[in-house]
Amino acid sequence: MNRFAYASPATVTEAAAATGLVAEAMVTFDESAVLKAGGIDLLDLLKLELLTPSVVVNLRAIKGLDAITQDAAGNVAIGAMATLSQVAEHPLVRGSYPALATAIAGAAGPQLRNVATLGGNLLQRPHCWYLRSPAHHCLRKGGGHCFAIHGENQYHAIFDNHACAIVHPSTAATALVALNAEVELHDAEGATRRLPLEDFFVGPDDDIQRENALRPREVLTAIHLRKPASGTRMAHLRQGEKAGFDWPLADVAVVLAIGPDGVCREASVVLGAAAPVPHRARAAEQALQGRHPGEAAAGDAARAALRGATPLSLNAYKLALFETLVRRAILAALA
Amino acid sequence: MTATRTEIFSAGIVEAGLGTVTREIPAGEPPPWPPNAELTWIGKDVPRLNGRDKVTGATRYTVDVRLPGMLHARFLRCPLPSAELRKLDTAAATALDGARAVIALARPGDRLRYAGQPVAAVAALSPGVAAEALAAIDAEFRPLPFVVDMDEARAPDAPLVYDEASAPKGNPSGFPAAPGLPVVGNVRGPAVVRRGDPAQGFAAADIVVEGEYRTQVQTHSCLEPHAIVADWRADGLTVYMSTQFTSGVRQELAALFGLPLNRVRVVVDGMGGGFGSKSQLGVYGRTAVELSRLAGLPVRLALDRHEEQIDAGNRPGTFQRMRLGAKRDGTLTALAIESHGTAGVALGAGIGFFAERIYTCPNFETLQHDVFVNAGPGCAMRGPGNTPGAYGLEQAIDTLSERLGLDPLALRDRIDPSKARREERRIGAERIGWSRRHKPGADPGAVKRGMGVAQSLWMSNVQTNVACEVRVLRDGSVEALSSVQDIGTGIGTVMAQVVAEVLGLRPGDITVRIGDTEFPPGGPSYGSRTTASITPPLRTAATRVLAELGREAARMLNAAPEELEAREGRIRVKSDPGRSLAFRDAAALLRTDRISAVESRADDYPGFRRRMPDAAMAHEDLGGVQFAEVAVDTETGAIRVERVVAVHDCGRPINRLLLESQVQGGVLMGVSYALLERRVMDRRTGLMVNADLEHYKLAGVHDTPEIEVVILENLQGNSATDAYGIAEPANIATAPAIANAVYNAIGVRLTSLPMTPDVVLAALGKTGRS
Amino acid sequence: MTRPEMAGPGKTAITLAVNGTSRQLELEPRTTLAEALRNTLGLTGTKIACNRGACSACTVWLNGQPVLSCMTLAIDAAGQEITTIEGLAHGEALHPVQDAFIEHDAMQCGFCTPGMVMSCAALLERNPHPDAEAVRDAIAGHYCRCGTYPHVVAATLAAAERKP
């Protein structure tokens, strides 16, 4: 780690102003000040000296950023500084958004979940082993090419992988995109904006060096979830190489709005560890909408979910794996 | 001619019925021990005596050692897989404020052969200054062609890792170790072992089974990194080192630095894992001592995790071609194996002697080759050679049994001469419920269960260059001393049990002082030999000090010394236990403050099968049979090992609780090897891309099966304790048992490790990848 | 707009409450809690093995919650109650988890043991009667290369039995 100064502002506005920069997701690796939430991913990047900031701006002294609240309409807001443990164990989350609770409870281990925040989790950098290797100057770090595309790509993307084959590392994001969550962003002038999480993430075709649309002097402060419509069913499934404490090879979140007639009104099917951003499988969603979901519809949706995939030399297995997980997640949501 | 006497020993497997064996033994040896059931401490679950220190954080590991004035050292390493060192200028580093010593480990013009190879080292006042000093070294590397993939390295036009003159000539700890083998391209060998006439054997076979098996490179991944604190002083050198062999490191240091042995001291208290990788001084050890010598101050050198994963040893990867010929009744007529393996830039990537020794087969041949690649040097790792070797052969045997229509256990009953394993198969089959085993792939549904078995074989090693000392002090305190190090097996507790058994005390009454070359040479903690080497001389030494104490006590008790026994903290007359003295009171009768006996390891009573300098092999190999039950999700490719039954023998078990721990550890490492671990080298950059513990995956608690451990009491009348080892056998059988279980589950054989979901799905034809 | 006060990048005064004692330290902000405990305070019971949050060997408690000290800046731990393995026992009386670890031989080389003990003890403080799966979840992030997991689970369940 390089030497850096440390600031602990008391307000979000101050924090936003303290740095011209984005939070733990960096525009580039050599900016001079960074925001720190839980600090887990930040410390990893600092230790690898992929980040060498002159100032680390701590967000933890800001009060109220970890609140989990429900408004009168039943919508839930999760403060960006709520730890993964707090989110996964919160009755509002477990009650209304069990797929999110499952996705988070399966992430990392309890010691990390006690510190890592939901905001930081969404903003963490990819765990591509080339990106995290100081010896590989890859495209995302300003280098000439993506090492994964013709290299060791068994854990990499099967969609949108022609320029850079990272996968988005957050399983919480998989669930939150499926839940049509929105993020709240706060800037140095005190203004806020909200945008769908799905639009917040940035793919390599839009910008090869960033994974989200956070602007300079902006802080992610909250994640908003709409009250689920009645008849909403959901599930999140993951498969890693290890049975616990491992990055998923594949994870899938499914949210289904089932009408009183048993017909699926709305469907969200999102694939994690599949693409540089959480991958919404629109064809799978269409395969479910307007149908009585069951084994047959789930199978159709699962096959549709993989349409258009472009697996690399070592990750074609993910097709079969995702097909299974999508089918099982749909059935699990219905169960 | 040494005087001998004749003794009758209990012999045989206690669980299967005991007999006796008559031995001529040296007159100074203690009398035979009865089976464990008749002993007080031997064979019992004694919790480890240093447990309190371990659970309170008080144990001092090498990385915890802090000496006054200690410097911090770091390596400059080659960033490329193959390079010529063009320039190495350390002047600026040397001049840096706070830098105390800088040494070059390579010269301009030198060829560097793997990414991570040490090039220079610095010692400085703090880790931060050391890092700055490294950055101040002006080094230039000219990239050279490289190859990191074994198959590519075997191609005729592959870049050469060595030319013939520079290739390593032989490696006494490696397999195959034979010196003087030819080197063609990157391939060295074959090392040939042949008996009978394999061609004739295959001609005589009713059935021939062929198979190809591939194993990955596994890293030791010790949680405590390789570390040393070297303290060079005018009056001698002391090193604190995370080592498996204090007295071996002392030998190396004395020879290397031209010091008399008595001026070199090697110390280790806590030792955070070794698994074979901390057996030698190594470049890091040598470098730290040299830096300390130059700086005149203590130097700490501890590898960071990245260094630990790329340059601290690894288990070589292998490719094995196997051919088995058999008669219809299962009798083997021929076994031929050709293997290629890679230990990176080092030798020792063979498949061991597993196939050579485990089954009766008159016609046998192995051709083992080392393939050089531009990667960090391999070294011994828990069951070196035999672990990959068993993965191949035990699957081939499983295939043969199916082709013959024989149960895998029945086939082994026919071809396996080991009595211990026969009993282990019987017990294990019962425990796992072998009769429930179905035909391959017979389970309906997406998740298919299966059961498999595989066997283990390792030599019963004994270090003959071993001695220990037992002291009794006049206040009744007792010490057992040895330079032996506790790698985590709890050898100190085992020592206390032996001394306590002899002296009639409790293990907690014995102060065990180990991990220091100031004490008698304790031998290495590798090769599953520590208990076998150290407990017999320890018992003999304890018997001698007791005899001395007994002479004093006998006078007091008006009895002849041979009428006395030591039991329950007292020295008493056997025929009249009421006449007794507390051990402490007997000690108070001593003429001097302290009496002591030093004994060295005697030969096994029936001699040894093979002798080497400082070491030997007992006649009977170690066995071990493991059964695995798995569930394979054929739609995700995920394998879950649900249960393992591990049945093992180690001669006379001394501490079943600690043995159970070791066997669980061997099984766990085997599960991890079978399902998860793999060094991933990028073929285009020549760099290891998972040199951390995030992407190099080890089994965690959720990957842990239910493990049932059974340990036989296999008495042989071979030594004063009759004890042998278990660490390596516990690891060897696990991966093939799981592989055979997976085959039984899905009816498709996986022939490469690790068996990750992508491999399973590919084997099931679900990926379009062959 | 006010700029927040800066500490560092050089050494700055940091007060840590470790095992019930307040300690005044001079540390650079980049110092991790694991480094501060081990190198500055000499509390070497806390181990660093992967140094990247992948093995949990460095687990300590912050306000009673198990966290990874290698992924925590010391300056972030200021104002929180830090408990390390050295502070778990009450004098001679070990924590029940420590006693059970010894009895069940839930250690081999012992390098992961302090972290394991901290995680298992934290579990019992929060959930006095966990089932085996809860114990496994509590140590899911721990690596033990020697393979002590079965004995760790058994020991923790036994310690829970013993707790009133």
# chains A, B, ... in the order shown; residues from 1 in each chain; ligands from 1

call {"tool": "interface_residues", "arguments": {"of": "chain C", "to": "chain B", "cutoff": "6 Å", "atoms": "only C-alpha atoms", "output": "list in words"}}
result
Thr44, Gly45, Ala49, Cys50, Ala54, Ile85, Glu86, Gln98, Ile102, Glu103, Gln108, Cys109, Gly110, Phe111, Pro114, Ala140, Tyr143, Cys146, Gly147 and Tyr149 of chain C

call {"tool": "interface_residues", "arguments": {"of": "chain C", "to": "chain A", "cutoff": "7 Å", "atoms": "only C-alpha atoms", "output": "ChimeraX atom specification"}}
result
/C:3-9,29-30,52,66-68,71,138,140-141

call {"tool": "select_by_dssp", "arguments": {"residues": "range 187-294 of chain A", "states": "strand (DSSP E)", "output": "compact mmCIF listing (two decimals) with all heavy atoms, in the first residue's frame"}}
result
# COMPACT_ATOMS: atom_id res chain seq x y z
N ASP A 187 -24.66 14.34 -4.85
CA ASP A 187 -23.44 15.02 -5.31
C ASP A 187 -22.99 16.10 -4.33
O ASP A 187 -23.62 16.34 -3.29
CB ASP A 187 -23.60 15.56 -6.74
CG ASP A 187 -24.51 16.77 -6.82
OD1 ASP A 187 -24.79 17.38 -5.77
OD2 ASP A 187 -24.94 17.09 -7.95
N THR A 192 -29.51 15.25 -5.54
CA THR A 192 -29.56 13.80 -5.66
C THR A 192 -30.20 13.44 -6.98
O THR A 192 -30.98 14.21 -7.57
CB THR A 192 -30.40 13.15 -4.53
OG1 THR A 192 -31.72 13.67 -4.62
CG2 THR A 192 -29.81 13.47 -3.17
N ARG A 193 -29.85 12.25 -7.46
CA ARG A 193 -30.55 11.72 -8.63
C ARG A 193 -30.78 10.24 -8.38
O ARG A 193 -30.08 9.61 -7.57
CB ARG A 193 -29.76 11.94 -9.93
CG ARG A 193 -28.42 11.27 -9.97
CD ARG A 193 -27.72 11.45 -11.33
NE ARG A 193 -26.39 10.83 -11.28
CZ ARG A 193 -25.90 10.05 -12.24
NH1 ARG A 193 -26.60 9.78 -13.33
NH2 ARG A 193 -24.68 9.53 -12.13
N ARG A 194 -31.78 9.70 -9.04
CA ARG A 194 -32.08 8.27 -8.92
C ARG A 194 -32.07 7.65 -10.30
O ARG A 194 -32.53 8.25 -11.25
CB ARG A 194 -33.45 8.08 -8.28
CG ARG A 194 -33.35 7.90 -6.76
CD ARG A 194 -34.70 8.03 -6.11
NE ARG A 194 -35.48 6.81 -6.23
CZ ARG A 194 -36.42 6.45 -5.35
NH1 ARG A 194 -36.67 7.21 -4.29
NH2 ARG A 194 -37.11 5.36 -5.53
N LEU A 195 -31.51 6.48 -10.40
CA LEU A 195 -31.65 5.78 -11.67
C LEU A 195 -31.71 4.27 -11.42
O LEU A 195 -31.24 3.79 -10.39
CB LEU A 195 -30.56 6.15 -12.68
CG LEU A 195 -29.14 5.64 -12.54
CD1 LEU A 195 -28.42 5.84 -13.86
CD2 LEU A 195 -28.44 6.41 -11.46
N PRO A 196 -32.36 3.58 -12.36
CA PRO A 196 -32.47 2.14 -12.19
C PRO A 196 -31.06 1.52 -12.09
O PRO A 196 -30.17 1.93 -12.85
CB PRO A 196 -33.18 1.67 -13.45
CG PRO A 196 -33.89 2.88 -13.97
CD PRO A 196 -33.03 4.04 -13.57
N GLU A 218 -19.67 12.35 -6.64
CA GLU A 218 -20.99 11.78 -6.41
C GLU A 218 -20.82 10.58 -5.48
O GLU A 218 -19.82 9.86 -5.59
CB GLU A 218 -21.58 11.33 -7.75
CG GLU A 218 -23.09 11.31 -7.78
CD GLU A 218 -23.63 11.07 -9.20
OE1 GLU A 218 -23.06 10.23 -9.92
OE2 GLU A 218 -24.62 11.70 -9.56
N VAL A 219 -21.80 10.38 -4.61
CA VAL A 219 -21.74 9.26 -3.66
C VAL A 219 -23.03 8.46 -3.79
O VAL A 219 -24.13 9.02 -3.85
CB VAL A 219 -21.61 9.78 -2.21
CG1 VAL A 219 -21.57 8.62 -1.23
CG2 VAL A 219 -20.36 10.64 -2.06
N LEU A 220 -22.87 7.15 -3.83
CA LEU A 220 -24.04 6.26 -3.79
C LEU A 220 -24.54 6.21 -2.35
O LEU A 220 -23.79 5.84 -1.45
CB LEU A 220 -23.62 4.87 -4.29
CG LEU A 220 -24.59 3.71 -4.06
CD1 LEU A 220 -25.93 3.98 -4.73
CD2 LEU A 220 -24.00 2.41 -4.60
N THR A 221 -25.77 6.62 -2.13
CA THR A 221 -26.24 6.71 -0.74
C THR A 221 -27.32 5.70 -0.39
O THR A 221 -27.48 5.37 0.78
CB THR A 221 -26.81 8.12 -0.45
OG1 THR A 221 -27.76 8.44 -1.46
CG2 THR A 221 -25.69 9.15 -0.44
N ALA A 222 -28.10 5.25 -1.37
CA ALA A 222 -29.19 4.33 -1.00
C ALA A 222 -29.59 3.47 -2.19
O ALA A 222 -29.35 3.82 -3.35
CB ALA A 222 -30.39 5.12 -0.49
N ILE A 223 -30.21 2.37 -1.86
CA ILE A 223 -30.78 1.46 -2.86
C ILE A 223 -32.27 1.38 -2.55
O ILE A 223 -32.65 1.11 -1.41
CB ILE A 223 -30.13 0.07 -2.77
CG1 ILE A 223 -28.65 0.15 -3.19
CG2 ILE A 223 -30.85 -0.91 -3.68
CD1 ILE A 223 -27.70 0.38 -2.07
N HIS A 224 -33.08 1.65 -3.55
CA HIS A 224 -34.54 1.68 -3.34
C HIS A 224 -35.19 0.47 -3.99
O HIS A 224 -34.90 0.15 -5.14
CB HIS A 224 -35.12 2.97 -3.94
CG HIS A 224 -34.67 4.19 -3.21
ND1 HIS A 224 -35.31 4.66 -2.08
CD2 HIS A 224 -33.63 5.03 -3.42
CE1 HIS A 224 -34.69 5.74 -1.64
NE2 HIS A 224 -33.66 5.99 -2.44
N LEU A 225 -36.10 -0.12 -3.24
CA LEU A 225 -36.84 -1.28 -3.74
C LEU A 225 -38.32 -0.99 -3.66
O LEU A 225 -38.82 -0.56 -2.61
CB LEU A 225 -36.51 -2.50 -2.86
CG LEU A 225 -35.11 -3.07 -3.05
CD1 LEU A 225 -34.71 -3.91 -1.84
CD2 LEU A 225 -35.06 -3.92 -4.32
N THR A 232 -46.07 -11.87 -5.93
CA THR A 232 -44.69 -11.90 -6.39
C THR A 232 -43.95 -13.07 -5.76
O THR A 232 -44.03 -13.29 -4.56
CB THR A 232 -43.98 -10.58 -6.04
OG1 THR A 232 -44.67 -9.52 -6.69
CG2 THR A 232 -42.53 -10.59 -6.50
N ARG A 233 -43.24 -13.79 -6.59
CA ARG A 233 -42.44 -14.94 -6.11
C ARG A 233 -41.02 -14.70 -6.58
O ARG A 233 -40.81 -14.15 -7.66
CB ARG A 233 -42.93 -16.26 -6.72
CG ARG A 233 -44.43 -16.44 -6.71
CD ARG A 233 -44.90 -16.88 -5.33
NE ARG A 233 -46.27 -17.38 -5.39
CZ ARG A 233 -46.58 -18.64 -5.72
NH1 ARG A 233 -45.62 -19.50 -6.04
NH2 ARG A 233 -47.83 -19.04 -5.74
N MET A 234 -40.09 -15.12 -5.80
CA MET A 234 -38.70 -14.87 -6.23
C MET A 234 -37.75 -15.92 -5.68
O MET A 234 -38.05 -16.60 -4.70
CB MET A 234 -38.27 -13.47 -5.79
CG MET A 234 -38.18 -13.28 -4.30
SD MET A 234 -37.76 -11.56 -3.88
CE MET A 234 -39.33 -10.76 -4.15
N ALA A 235 -36.61 -16.02 -6.34
CA ALA A 235 -35.57 -16.93 -5.87
C ALA A 235 -34.23 -16.48 -6.42
O ALA A 235 -34.16 -15.82 -7.46
CB ALA A 235 -35.85 -18.36 -6.33
N HIS A 236 -33.20 -16.79 -5.67
CA HIS A 236 -31.84 -16.59 -6.16
C HIS A 236 -31.08 -17.90 -5.95
O HIS A 236 -31.13 -18.49 -4.88
CB HIS A 236 -31.13 -15.46 -5.39
CG HIS A 236 -29.71 -15.26 -5.81
ND1 HIS A 236 -28.66 -15.92 -5.21
CD2 HIS A 236 -29.17 -14.51 -6.81
CE1 HIS A 236 -27.53 -15.56 -5.81
NE2 HIS A 236 -27.81 -14.71 -6.78
N LEU A 237 -30.41 -18.35 -6.97
CA LEU A 237 -29.61 -19.58 -6.87
C LEU A 237 -28.20 -19.29 -7.35
O LEU A 237 -27.99 -18.48 -8.26
CB LEU A 237 -30.20 -20.70 -7.74
CG LEU A 237 -31.51 -21.33 -7.31
CD1 LEU A 237 -31.85 -22.46 -8.27
CD2 LEU A 237 -31.40 -21.89 -5.89
N ARG A 238 -27.27 -19.97 -6.74
CA ARG A 238 -25.88 -19.82 -7.18
C ARG A 238 -25.21 -21.19 -7.23
O ARG A 238 -25.63 -22.13 -6.58
CB ARG A 238 -25.11 -18.95 -6.20
CG ARG A 238 -24.92 -19.63 -4.84
CD ARG A 238 -23.76 -19.06 -4.06
NE ARG A 238 -23.98 -17.66 -3.79
CZ ARG A 238 -23.01 -16.76 -3.72
NH1 ARG A 238 -21.77 -17.12 -3.90
NH2 ARG A 238 -23.28 -15.52 -3.44
N GLN A 239 -24.18 -21.26 -8.04
CA GLN A 239 -23.35 -22.46 -8.05
C GLN A 239 -21.90 -22.03 -8.13
O GLN A 239 -21.52 -21.31 -9.06
CB GLN A 239 -23.70 -23.35 -9.25
CG GLN A 239 -22.90 -24.64 -9.30
CD GLN A 239 -23.26 -25.57 -8.13
OE1 GLN A 239 -24.42 -25.88 -7.93
NE2 GLN A 239 -22.26 -25.97 -7.36
N GLY A 240 -21.13 -22.43 -7.14
CA GLY A 240 -19.70 -22.18 -7.17
C GLY A 240 -18.95 -23.49 -7.33
O GLY A 240 -19.57 -24.56 -7.39
N PRO A 248 -19.39 -17.17 -7.42
CA PRO A 248 -20.21 -18.11 -8.18
C PRO A 248 -19.65 -18.30 -9.59
O PRO A 248 -19.12 -17.36 -10.18
CB PRO A 248 -21.58 -17.43 -8.22
CG PRO A 248 -21.31 -15.98 -8.01
CD PRO A 248 -20.06 -15.89 -7.17
N LEU A 249 -19.79 -19.51 -10.10
CA LEU A 249 -19.57 -19.74 -11.52
C LEU A 249 -20.76 -19.16 -12.27
O LEU A 249 -20.64 -18.71 -13.41
CB LEU A 249 -19.48 -21.23 -11.82
CG LEU A 249 -18.34 -22.00 -11.14
CD1 LEU A 249 -18.54 -23.50 -11.30
CD2 LEU A 249 -17.01 -21.55 -11.72
N ALA A 250 -21.89 -19.22 -11.60
CA ALA A 250 -23.13 -18.74 -12.18
C ALA A 250 -24.08 -18.43 -11.05
O ALA A 250 -24.10 -19.15 -10.06
CB ALA A 250 -23.75 -19.82 -13.08
N ASP A 251 -24.84 -17.34 -11.18
CA ASP A 251 -25.94 -17.13 -10.24
C ASP A 251 -27.11 -16.53 -10.99
O ASP A 251 -26.93 -15.85 -12.02
CB ASP A 251 -25.51 -16.32 -9.02
CG ASP A 251 -25.32 -14.83 -9.28
OD1 ASP A 251 -24.37 -14.50 -10.04
OD2 ASP A 251 -26.07 -14.01 -8.74
N VAL A 252 -28.28 -16.82 -10.51
CA VAL A 252 -29.50 -16.44 -11.23
C VAL A 252 -30.52 -15.92 -10.23
O VAL A 252 -30.73 -16.54 -9.18
CB VAL A 252 -30.09 -17.66 -11.98
CG1 VAL A 252 -31.46 -17.31 -12.55
CG2 VAL A 252 -29.15 -18.12 -13.09
N ALA A 253 -31.11 -14.78 -10.56
CA ALA A 253 -32.24 -14.28 -9.77
C ALA A 253 -33.47 -14.25 -10.66
O ALA A 253 -33.41 -13.83 -11.81
CB ALA A 253 -31.94 -12.89 -9.25
N VAL A 254 -34.55 -14.72 -10.08
CA VAL A 254 -35.83 -14.75 -10.81
C VAL A 254 -36.89 -14.08 -9.93
O VAL A 254 -36.99 -14.39 -8.74
CB VAL A 254 -36.25 -16.21 -11.11
CG1 VAL A 254 -37.69 -16.26 -11.60
CG2 VAL A 254 -35.32 -16.82 -12.14
N VAL A 255 -37.62 -13.13 -10.51
CA VAL A 255 -38.75 -12.51 -9.81
C VAL A 255 -39.97 -12.63 -10.72
O VAL A 255 -39.93 -12.18 -11.87
CB VAL A 255 -38.48 -11.03 -9.48
CG1 VAL A 255 -39.67 -10.43 -8.74
CG2 VAL A 255 -37.20 -10.88 -8.66
N LEU A 256 -41.01 -13.27 -10.21
CA LEU A 256 -42.21 -13.51 -11.02
C LEU A 256 -43.40 -12.86 -10.33
O LEU A 256 -43.58 -13.02 -9.12
CB LEU A 256 -42.48 -15.01 -11.16
CG LEU A 256 -41.33 -15.86 -11.71
CD1 LEU A 256 -41.71 -17.34 -11.64
CD2 LEU A 256 -40.98 -15.46 -13.14
N ALA A 257 -44.20 -12.13 -11.13
CA ALA A 257 -45.47 -11.64 -10.59
C ALA A 257 -46.56 -12.54 -11.16
O ALA A 257 -46.78 -12.57 -12.37
CB ALA A 257 -45.69 -10.19 -11.00
N ILE A 258 -47.15 -13.30 -10.27
CA ILE A 258 -48.15 -14.28 -10.71
C ILE A 258 -49.54 -13.74 -10.37
O ILE A 258 -49.80 -13.37 -9.21
CB ILE A 258 -47.95 -15.63 -9.99
CG1 ILE A 258 -46.50 -16.10 -10.11
CG2 ILE A 258 -48.92 -16.69 -10.53
CD1 ILE A 258 -46.07 -16.56 -11.46
N CYS A 264 -48.40 -15.75 -15.31
CA CYS A 264 -47.28 -14.88 -15.00
C CYS A 264 -47.46 -13.54 -15.70
O CYS A 264 -47.49 -13.46 -16.92
CB CYS A 264 -45.98 -15.55 -15.46
SG CYS A 264 -44.53 -14.53 -15.20
N ARG A 265 -47.64 -12.48 -14.90
CA ARG A 265 -47.85 -11.13 -15.46
C ARG A 265 -46.53 -10.49 -15.86
O ARG A 265 -46.44 -9.81 -16.86
CB ARG A 265 -48.50 -10.23 -14.41
CG ARG A 265 -49.86 -10.70 -13.95
CD ARG A 265 -50.96 -10.14 -14.87
NE ARG A 265 -52.28 -10.39 -14.31
CZ ARG A 265 -52.96 -11.51 -14.47
NH1 ARG A 265 -52.45 -12.51 -15.16
NH2 ARG A 265 -54.15 -11.67 -13.92
N GLU A 266 -45.57 -10.68 -14.99
CA GLU A 266 -44.28 -10.02 -15.21
C GLU A 266 -43.20 -10.97 -14.76
O GLU A 266 -43.38 -11.70 -13.77
CB GLU A 266 -44.20 -8.75 -14.35
CG GLU A 266 -44.09 -7.47 -15.12
CD GLU A 266 -43.91 -6.30 -14.18
OE1 GLU A 266 -44.90 -5.91 -13.54
OE2 GLU A 266 -42.75 -5.83 -14.07
N ALA A 267 -42.09 -10.95 -15.45
CA ALA A 267 -40.99 -11.83 -15.06
C ALA A 267 -39.67 -11.09 -15.20
O ALA A 267 -39.46 -10.36 -16.16
CB ALA A 267 -40.97 -13.09 -15.92
N SER A 268 -38.83 -11.27 -14.19
CA SER A 268 -37.45 -10.80 -14.28
C SER A 268 -36.55 -12.01 -14.15
O SER A 268 -36.68 -12.79 -13.20
CB SER A 268 -37.10 -9.88 -13.12
OG SER A 268 -37.58 -8.59 -13.33
N VAL A 269 -35.67 -12.17 -15.11
CA VAL A 269 -34.69 -13.25 -15.03
C VAL A 269 -33.32 -12.62 -15.27
O VAL A 269 -33.08 -12.06 -16.34
CB VAL A 269 -34.96 -14.34 -16.09
CG1 VAL A 269 -33.89 -15.43 -16.00
CG2 VAL A 269 -36.36 -14.93 -15.91
N VAL A 270 -32.48 -12.65 -14.24
CA VAL A 270 -31.18 -11.98 -14.35
C VAL A 270 -30.07 -12.98 -14.04
O VAL A 270 -30.16 -13.75 -13.07
CB VAL A 270 -31.11 -10.76 -13.42
CG1 VAL A 270 -29.74 -10.10 -13.50
CG2 VAL A 270 -32.21 -9.77 -13.77
N LEU A 271 -29.05 -12.93 -14.87
CA LEU A 271 -27.92 -13.85 -14.74
C LEU A 271 -26.71 -13.08 -14.20
O LEU A 271 -26.34 -12.04 -14.75
CB LEU A 271 -27.56 -14.45 -16.10
CG LEU A 271 -28.37 -15.65 -16.62
CD1 LEU A 271 -29.86 -15.45 -16.50
CD2 LEU A 271 -27.98 -15.98 -18.06
N GLY A 272 -26.13 -13.61 -13.14
CA GLY A 272 -24.89 -13.04 -12.60
C GLY A 272 -23.72 -13.92 -13.01
O GLY A 272 -23.90 -15.10 -13.35
N HIS A 279 -26.87 -9.60 -16.18
CA HIS A 279 -27.41 -9.83 -17.52
C HIS A 279 -28.89 -10.18 -17.45
O HIS A 279 -29.28 -11.23 -16.95
CB HIS A 279 -26.64 -10.96 -18.19
CG HIS A 279 -27.13 -11.29 -19.56
ND1 HIS A 279 -26.80 -10.55 -20.66
CD2 HIS A 279 -27.94 -12.28 -20.00
CE1 HIS A 279 -27.39 -11.06 -21.73
NE2 HIS A 279 -28.09 -12.12 -21.36
N ARG A 280 -29.70 -9.24 -17.96
CA ARG A 280 -31.14 -9.51 -17.97
C ARG A 280 -31.47 -10.40 -19.17
O ARG A 280 -31.15 -10.03 -20.31
CB ARG A 280 -31.92 -8.20 -18.06
CG ARG A 280 -33.41 -8.38 -17.92
CD ARG A 280 -34.13 -7.05 -17.94
NE ARG A 280 -34.06 -6.32 -16.68
CZ ARG A 280 -34.84 -6.59 -15.63
NH1 ARG A 280 -35.71 -7.57 -15.67
NH2 ARG A 280 -34.75 -5.87 -14.53

call {"tool": "closest_residue", "arguments": {"among": "C:Ala134, C:Ile82, C:Val117, C:Ala160", "to": "Leu37 in chain C", "atoms": "only C-alpha atoms"}}
result
C:Ile82

call {"tool": "select_by_dssp", "arguments": {"residues": "range 69-208 of chain A", "states": "alpha helix (DSSP H)", "output": "PyMOL selection string"}}
result
chain A and resi 84-89+91-96+98-105+110-113+118-123+171-178+197-200
